[in-house]
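In what follows, a structure is listed as structure tokens, so that the remarks can point back to it.
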Amino acid sequence: METQLDPSKDDLPLMANTSHMLMKHYVLDLDVDFKSQIIEGSIVLFFETGSSCRKVGSSVERACHPRSDETFKIQAFELCHIPVTNASACSSKTGYNDFAVCGKGEKDTSDKNGNHSNRAQASGISSSKKCCDIENHGSEDFLLVLDCCDLCVLKVEEVDVAAVPGIEKFTRSAKLTEGSEELGNLRNQIVHELVTLPADRWEEQLYYYTCCSQAPGCGELLFTTSTWSLEIRKAGIRIPRDFPRAIRICYKTKPEGRSVTWTTDQSGRPCVYTMGSPLNNRALFPCQEPPVAMSTWQATVRAATGFVVLMSGENSAEPIQLQEGIFSWNYYVTMPMPASTFTIAVGCWIEVKRESLATEVMTNDVISLPFSKADFRLVEGGCGHLESPCRFQNPGATSQPVIPHRVFAPWCLKDLCAEILLELIPQCLSAAHATLGTHPFSRLDVLIVPSNFSSLGMASPHIIFLSQSVLPGGSHLCGTRLCHEIAHAWFGLAIGARDWTEEWISEGFATHLEDVFWAAAQQLPCHEAREQQELKALLRWRRLRDEVQNSEEELQVLRPKKENTGETSESGASIIKHGLKAEKIFMQVHYLKGNFLLRSLARRIGEATYFTFLRKFVQKFHGQLILSQDFLYMLLEDIPEQKGYGLSVESIFQNWLDTSGIPKPLLEESRTWKEGRLAQQVTAEVAKWIQVNRRAKKGSKRKRGQDEVAFQKLLPDQLVLLLESLLEEKTLCPRTLQCLEKTYRLQEQDAEVRHRWCELVVKHKYAAGYSAVEKFLWEDQAMGVYLYGELMVNEDAKQQELAHKCFAAAREQMDMSSAKVVAEMLF
Ligand SMILES: [Zn+2]
């Protein structure tokens with residue numbers, strides 16, 4: 001039954017044994033120190049026993065701990081038996097070693113060894129350990145395994161939740177006795193009662209979580225850290241049922257830890273933020289990474305005056321002054337979500353506000369879609385997710401097209417945000433609501449992140465990060481990206497992938513919905529929306545074709561684990577294959593193929609029918625984790641007429657999800673996209689430019705010839721296609737390029753257009769454009785990675801010098817994946 005897991009260097013292990021113990025809530029209490037670039041504090045974790053322990057009768061213990069029959073013989077609880085760990089000694093140790101043992105000092109070696117073999121057995125993972133040649137000393141203590149890396153763990157202790165005043169009401173059946181074993185049971189019972197409180201008592205629950213998180217410790221627990229995990233055990237406790245369910249971990253992050261980036265914002269002020277690395281948050285706090293560990297959270301974060309703390313929280317926190325120069329920020333969520341979705345950003349950002357009330361009126365515009373009426377129905381027969389307060393059951397929430405939102409940006413981008421972003425957010429939110437109904441989250445912060453952020457945007461609960469690259473050049477890029485991130489509130493956050501290898505569930509849906517939302521936000525008539533979407537499809541098709549030609553086949557499969565998708569080992573641990581591969585981060589195949597699959601389904605079934613279905617799907621699955629088949633089976637079942645469309649789940653797997661390369665059905669569909677009106681217009685313009693170039697090549701005498709050509713005004717996506725088409729030309733002379741730049745004011749266009757312009761400049765060694773390339777590599781770091789490669793490939797000394805110069809300037813700030821990919825290109 002136990003799958004042997006063997007991570008290679010590019011694989012990402014998820015070590016937490018969620019089948020044994022399942023995290024329900026965590027409380028963070030952190031200090032952010034910019035001088036040392038360290039976040040220090042504690043996390044209190046509240047657990048329930050996992051799925052393998054919730055079976056009835058005697059099978060319970062067997063399932064949790066198959067090797068032990070003596071599990072009922074529990075040793076007496078040794079209250080504060082373990083010497084208190086010296087925090088500073090501990091930190092110096094963990095600061096330099098990945099494998100540190102705390103709690104029992106020297107004497108612990110044999111225990112550690114015992115632990116080690118036990119752990120290897122429990123999780124099935126052994127090869128990623130630094131320390132492997134340890135013999136089994138037969139310890140059969142239960143091990144709680146948490147995902148954790150780059151953290152310095154100082155202390156782990158059990159929390160005495162029974163000491164909280166007023167907590168007795170959760171323990172009516174039991175009473176406090178002096179026996180330590182009963183006391184342990186009592187504490188676990190309190191936590192059980194607390195984590196299972198009904199949704200309508202969420203405020204009381206939050207209050208007691210806070211109280212419990214501040215309760216004193218009642219005994220340190222033994223722990224070991226290794227590359228990917230933190231393992232905790234309590235001497236003599238052999239089954240999860242008896243393991244403490246409230247645990248406090250004191251720890252600090254490391255400046256080089258891979259979950260957060262310490263940098264400066266565009267105005268030169270220090271800031272730190274979670275950058276959405278493949279490691280997620282495990283270098284920010286110890287956690288259970290497998291998405292099945294859906295939990296709620298709350299956090300208190302302290303930072304110096306002048307800093308703003310933004311976070312995934314459903315309240316928009318107001319800072320409280322604690323002492324001279326220190327403010328505290330408090331956030332919480334009541335909707336259980338995977339720990340990977342948690343996001344924090346701390347910096348000297350400014351809240352960008354509307355100047356007049358005039359725009360407020362606009363925000364109340366309700367967008368109605370041509371193909372359907374907005375659906376405000378409440379969920380029939382209740383929700384399918386874990387107990388929590390739910391917006392889908394709240395009439396006020398379901399009919400709210402625009403949720404409250406704020407915009408934060410560095411000082412120097414304040415005006416640009418006010419001009420572009422503030423207008424767009426309500427339009428895009430309203431469009432999303434018209435398409436899908438209820439916003440899953442009650443509020444939204446949008447933050448313009450520092451220039452080293454490695455993508456154009458990232459969505460987390462209650463907060464969206466946007467790259468500064470989306471701001472210049474009109475509303476198109478900013479609007480489409482915002483729509484994409486807003487779509488993630490439904491697909492990616494409220495509905496998540498049960499298996500991370502099915503990234504398409506989040507990205508394919510968001511990409512498909514991005515076009516639909518954006519058309520609605522612009523209030524385009526039907527035929528115009530279709531024209532724009534066809535042009536976009538053509539651009540994506542070209543991108544997919546390129547990527548399929550230039551990437552490893554294995555990375556092109558959307559459901560790489562095929563019929564084993566969603567499976568984990570008995571303990572709940574698993575391996576994300578290629579999860580750490582640097583190139584993978586820059587691949588878009590999941591976005592593109594996923595989008596084309598959904599587009600194709602919507603076309604076959606009919607857009608109106610498809611979106612009616614999608615709303616039903618959201619009603620049913622919000623707050624839950626899904627696999628591809630959950631969506632596909634429900635879709636095909638829901639539409640009986642489909643039998644005529646020749647669709648089956650198996651054929652969709654076969655054609656779209658389980659194979660590399662271009663999906664066959666797409667080959668045919670893509671032929672028509674070139675014929676679209678907007679694409680045809682571009683083709684005509686390209687012909688004119690080729691003509692102009694031909695004349696320019698013949699000499700300067702016929703200079704006037706250029707002026708006679710009347711060029712059409714083009715949309716941003718058309719400009720992208722135009723420049724891409726011109727990139728296919730062998731030679732364009734400097735005069736043509738100069739004219740091209742002037743005609744379309746390319747320097748003032750959005751980053752997608754400027755990116756293509758830079759490629760043209762590089763390809764044709766157009767020296768007058770080098771400053772634009774340099775500017776792009778500095779300001780648009782999320783998009784410039786491959787431009788470095790193009791600068792190197794021409795083997796032109798000037799261009800290579802430019803590449804090295806830009807990389808030298810940006811390298812320090814770049815995130816690790818980007819820096820690694822670029823370094824490989826340059827050296
Ligand atoms: Zn619900």
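Each chain of the structure tokens is named A, B, ... in the order shown, its residues numbered from 1; ligands are numbered from 1 in display order.
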
Check every protein, DNA and RNA residue against ligand 1, keep those with an atom at most 7 Å away (counting only C-alpha atoms and all ligand atoms), and present them as number ranges by chain. A: 383-385, 390-393, 622-623

Please produce a file of the residues just selected, as a JSON list (two decimals), in the first residue's frame, where the atoms kept are C-alpha atoms.
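See selection-v2.json below for the written result:
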```json
[["chain", "number", "residue", "atom", "x", "y", "z"],
["A", 383, "CYS", "CA", -22.71, 23.44, 0.95],
["A", 384, "GLY", "CA", -20.37, 20.50, 0.46],
["A", 385, "HIS", "CA", -17.33, 21.99, 2.19],
["A", 390, "CYS", "CA", -20.15, 30.84, 3.76],
["A", 391, "ARG", "CA", -20.91, 33.70, 1.38],
["A", 392, "PHE", "CA", -22.79, 31.37, -0.94],
["A", 393, "GLN", "CA", -25.43, 31.01, 1.81],
["A", 622, "HIS", "CA", -16.69, 25.83, -3.68],
["A", 623, "GLY", "CA", -14.58, 25.36, -0.58]]
```

Pull the closest atom pair for each residue of range 367-462 of chain A that gets at most 9 Å from range 189-205 of chain A, along with the distance in Å to one decimal, counting only C-alpha atoms, ordering rows by chain and then ascending residue number, as a tab-separated table.
```
residue	atom	partner	partner_atom	distance
A:Glu387	CA	A:Ala199	CA	5.7
A:Ser388	CA	A:Ala199	CA	4.5
A:Pro389	CA	A:Ala199	CA	5.2
A:Cys390	CA	A:Ala199	CA	8.5
```

Please extract the residues of range 225-396 of chain A with a backbone DSSP assignment of strand (DSSP E or B) and present them as a compact mmCIF listing (two decimals) with C-alpha atoms, in the first residue's frame.
```txt
# COMPACT_ATOMS: atom_id res chain seq x y z
CA THR A 225 14.68 19.16 11.48
CA SER A 229 10.68 18.54 7.34
CA LEU A 230 10.29 19.11 11.03
CA GLU A 231 9.50 16.01 13.04
CA ILE A 232 7.98 16.18 16.45
CA ARG A 233 7.36 13.44 18.97
CA ALA A 246 -2.22 22.08 20.32
CA ILE A 247 1.45 22.69 19.70
CA ARG A 248 3.53 25.83 19.82
CA ILE A 249 6.63 26.12 17.69
CA CYS A 250 9.04 28.98 18.34
CA TYR A 251 11.18 29.68 15.32
CA LYS A 252 12.77 32.22 13.07
CA THR A 253 13.17 32.51 9.35
CA VAL A 260 9.89 35.28 1.29
CA THR A 261 11.88 37.87 -0.60
CA TRP A 262 13.56 40.74 1.21
CA THR A 263 14.08 43.58 -1.17
CA THR A 264 13.37 47.25 -1.78
CA PRO A 270 12.70 48.02 2.31
CA CYS A 271 9.95 45.43 2.03
CA VAL A 272 9.38 41.70 2.31
CA TYR A 273 6.81 39.51 0.66
CA THR A 274 5.91 35.90 -0.05
CA CYS A 287 2.99 23.62 8.13
CA MET A 294 -7.38 22.80 4.74
CA SER A 295 -7.21 25.09 7.71
CA THR A 296 -8.18 28.50 8.92
CA TRP A 297 -5.63 30.94 10.29
CA GLN A 298 -5.08 34.13 12.18
CA ALA A 299 -1.96 36.22 12.57
CA THR A 300 -0.56 39.03 14.63
CA VAL A 301 2.36 40.72 12.94
CA ARG A 302 4.47 43.51 14.38
CA ALA A 303 6.55 45.91 12.33
CA ALA A 304 8.13 49.33 12.74
CA VAL A 308 2.04 48.39 6.20
CA VAL A 309 1.28 44.73 6.83
CA LEU A 310 -0.95 43.17 4.18
CA MET A 311 -2.10 39.60 4.41
CA ILE A 320 -2.50 49.19 16.74
CA GLN A 321 0.41 51.03 18.31
CA LEU A 322 2.09 48.79 20.89
CA GLN A 323 4.94 51.03 21.91
CA ILE A 326 6.05 49.48 16.81
CA PHE A 327 2.66 48.69 15.33
CA SER A 328 0.74 45.45 15.42
CA TRP A 329 -1.59 44.11 12.73
CA ASN A 330 -4.20 41.41 13.21
CA TYR A 331 -5.75 39.30 10.46
CA TYR A 332 -7.88 36.16 10.32
CA VAL A 333 -9.82 33.96 7.92
CA THR A 334 -12.80 31.71 8.65
CA MET A 335 -12.75 29.78 5.39
CA PRO A 336 -10.48 26.71 5.55
CA MET A 337 -7.86 26.73 2.80
CA PRO A 338 -4.53 25.01 2.09
CA ILE A 344 1.96 38.25 3.49
CA ALA A 345 3.61 41.47 2.34
CA VAL A 346 5.19 44.10 4.57
CA GLY A 347 6.45 47.39 3.18
CA ILE A 350 0.72 53.89 0.18
CA GLU A 351 -2.97 53.24 -0.07
CA VAL A 352 -4.15 54.69 -3.38
```

Residues near Leu14 in chain A, anyone? I mean within 8 Å using only C-alpha atoms, not counting same-chain ones fewer than 5 positions away, as a count of residues only. 7

Which distance in Å separates CA of Glu748 in chain A and CA of Cys806 in chain A, to one decimal?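 It comes out at 21.1 Å.
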
Quick one: pick out all alpha helix (DSSP H) residues within range 452-552 of chain A from a backbone DSSP run and write them as number ranges by chain. A: 476-487, 504-521, 526-549

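Among the candidates A:Cys211, A:Tyr770, A:Gln266, A:Glu181, the residue lying nearest to Ile237 in chain A is A:Glu181 (atoms considered: only C-alpha atoms).
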
Got a sec: who's within 6 Å of Phe342 in chain A, counting only C-alpha atoms, leaving out chain neighbours fewer than 2 positions off, as a list in words?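 Counting only C-alpha atoms, the residues come to Ser312, Ala339 and Ser340 of chain A.
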
For Leu493 in chain A, find every residue with an atom within 8 Å (counting only C-alpha atoms), except residues of its own chain fewer than 4 positions away, and show them as a PyMOL selection string. chain A and resi 337+341+460-461+488-489

Could the residues in this selection be written to a file with all heavy atoms, as a PDB file, in the first residue's frame?
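So the final result, stored in out.pdb, reads:
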```
ATOM      1  N   MET A 337      -8.568  26.803   4.086  1.00  0.00           N
ATOM      2  CA  MET A 337      -7.865  26.734   2.798  1.00  0.00           C
ATOM      3  C   MET A 337      -6.487  26.101   3.012  1.00  0.00           C
ATOM      4  O   MET A 337      -5.964  26.105   4.118  1.00  0.00           O
ATOM      5  CB  MET A 337      -7.696  28.139   2.220  1.00  0.00           C
ATOM      6  CG  MET A 337      -8.947  28.650   1.514  1.00  0.00           C
ATOM      7  SD  MET A 337      -8.819  30.389   1.112  1.00  0.00           S
ATOM      8  CE  MET A 337      -8.881  31.136   2.726  1.00  0.00           C
ATOM      9  N   THR A 341      -1.820  28.786   0.364  1.00  0.00           N
ATOM     10  CA  THR A 341      -2.472  29.987  -0.170  1.00  0.00           C
ATOM     11  C   THR A 341      -2.235  31.227   0.697  1.00  0.00           C
ATOM     12  O   THR A 341      -2.541  32.331   0.286  1.00  0.00           O
ATOM     13  CB  THR A 341      -4.005  29.781  -0.310  1.00  0.00           C
ATOM     14  OG1 THR A 341      -4.570  29.565   0.983  1.00  0.00           O
ATOM     15  CG2 THR A 341      -4.328  28.603  -1.209  1.00  0.00           C
ATOM     16  N   SER A 460      -4.094  35.337  -4.055  1.00  0.00           N
ATOM     17  CA  SER A 460      -4.184  34.645  -2.777  1.00  0.00           C
ATOM     18  C   SER A 460      -5.513  35.065  -2.152  1.00  0.00           C
ATOM     19  O   SER A 460      -6.129  36.013  -2.618  1.00  0.00           O
ATOM     20  CB  SER A 460      -3.030  35.051  -1.866  1.00  0.00           C
ATOM     21  OG  SER A 460      -1.816  34.945  -2.553  1.00  0.00           O
ATOM     22  N   PRO A 461      -5.938  34.395  -1.099  1.00  0.00           N
ATOM     23  CA  PRO A 461      -7.198  34.807  -0.477  1.00  0.00           C
ATOM     24  C   PRO A 461      -7.113  36.270  -0.047  1.00  0.00           C
ATOM     25  O   PRO A 461      -6.179  36.651   0.649  1.00  0.00           O
ATOM     26  CB  PRO A 461      -7.303  33.883   0.739  1.00  0.00           C
ATOM     27  CG  PRO A 461      -6.466  32.696   0.397  1.00  0.00           C
ATOM     28  CD  PRO A 461      -5.353  33.221  -0.449  1.00  0.00           C
ATOM     29  N   HIS A 488      -9.047  33.560 -10.222  1.00  0.00           N
ATOM     30  CA  HIS A 488      -8.462  32.592  -9.295  1.00  0.00           C
ATOM     31  C   HIS A 488      -9.217  32.520  -7.960  1.00  0.00           C
ATOM     32  O   HIS A 488      -9.089  31.544  -7.234  1.00  0.00           O
ATOM     33  CB  HIS A 488      -6.995  32.919  -9.017  1.00  0.00           C
ATOM     34  CG  HIS A 488      -6.061  32.383 -10.053  1.00  0.00           C
ATOM     35  ND1 HIS A 488      -6.095  31.071 -10.483  1.00  0.00           N
ATOM     36  CD2 HIS A 488      -5.066  32.982 -10.765  1.00  0.00           C
ATOM     37  CE1 HIS A 488      -5.153  30.886 -11.397  1.00  0.00           C
ATOM     38  NE2 HIS A 488      -4.524  32.029 -11.596  1.00  0.00           N
ATOM     39  N   ALA A 489      -9.966  33.548  -7.633  1.00  0.00           N
ATOM     40  CA  ALA A 489     -10.743  33.483  -6.398  1.00  0.00           C
ATOM     41  C   ALA A 489     -11.660  32.257  -6.451  1.00  0.00           C
ATOM     42  O   ALA A 489     -11.883  31.586  -5.441  1.00  0.00           O
ATOM     43  CB  ALA A 489     -11.567  34.757  -6.209  1.00  0.00           C
TER      44      ALA A 489
END
```

Could you work out how far CA of Gly594 in chain A lies from CA of Trp656 in chain A, giving the answer in Å with one decimal?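 If I compute the distance from CA of Trp656 in chain A to CA of Gly594 in chain A, I get 8.1 Å.
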
Which residues come within 9 Å of Thr612 in chain A, counting only C-alpha atoms, excluding same-chain residues fewer than 3 positions away, as a PyMOL selection string? chain A and resi 372+375+435-436+607-609+615-617

For a test of reading the model, state the distance in Å between CA of Phe586 in chain A and CA of Phe807 in chain A, rounded to one decimal.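 Calculated distance between CA of Phe586 in chain A and CA of Phe807 in chain A is 17.7 Å.
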
May I ask which of the residues A:Trp757, A:Phe611, A:Tyr591, A:Tyr744 is the closest one to Leu723 in chain A, counting only C-alpha atoms?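 Going through A:Trp757, A:Phe611, A:Tyr591, A:Tyr744 one by one, the smallest distance to Leu723 in chain A is for A:Trp757.
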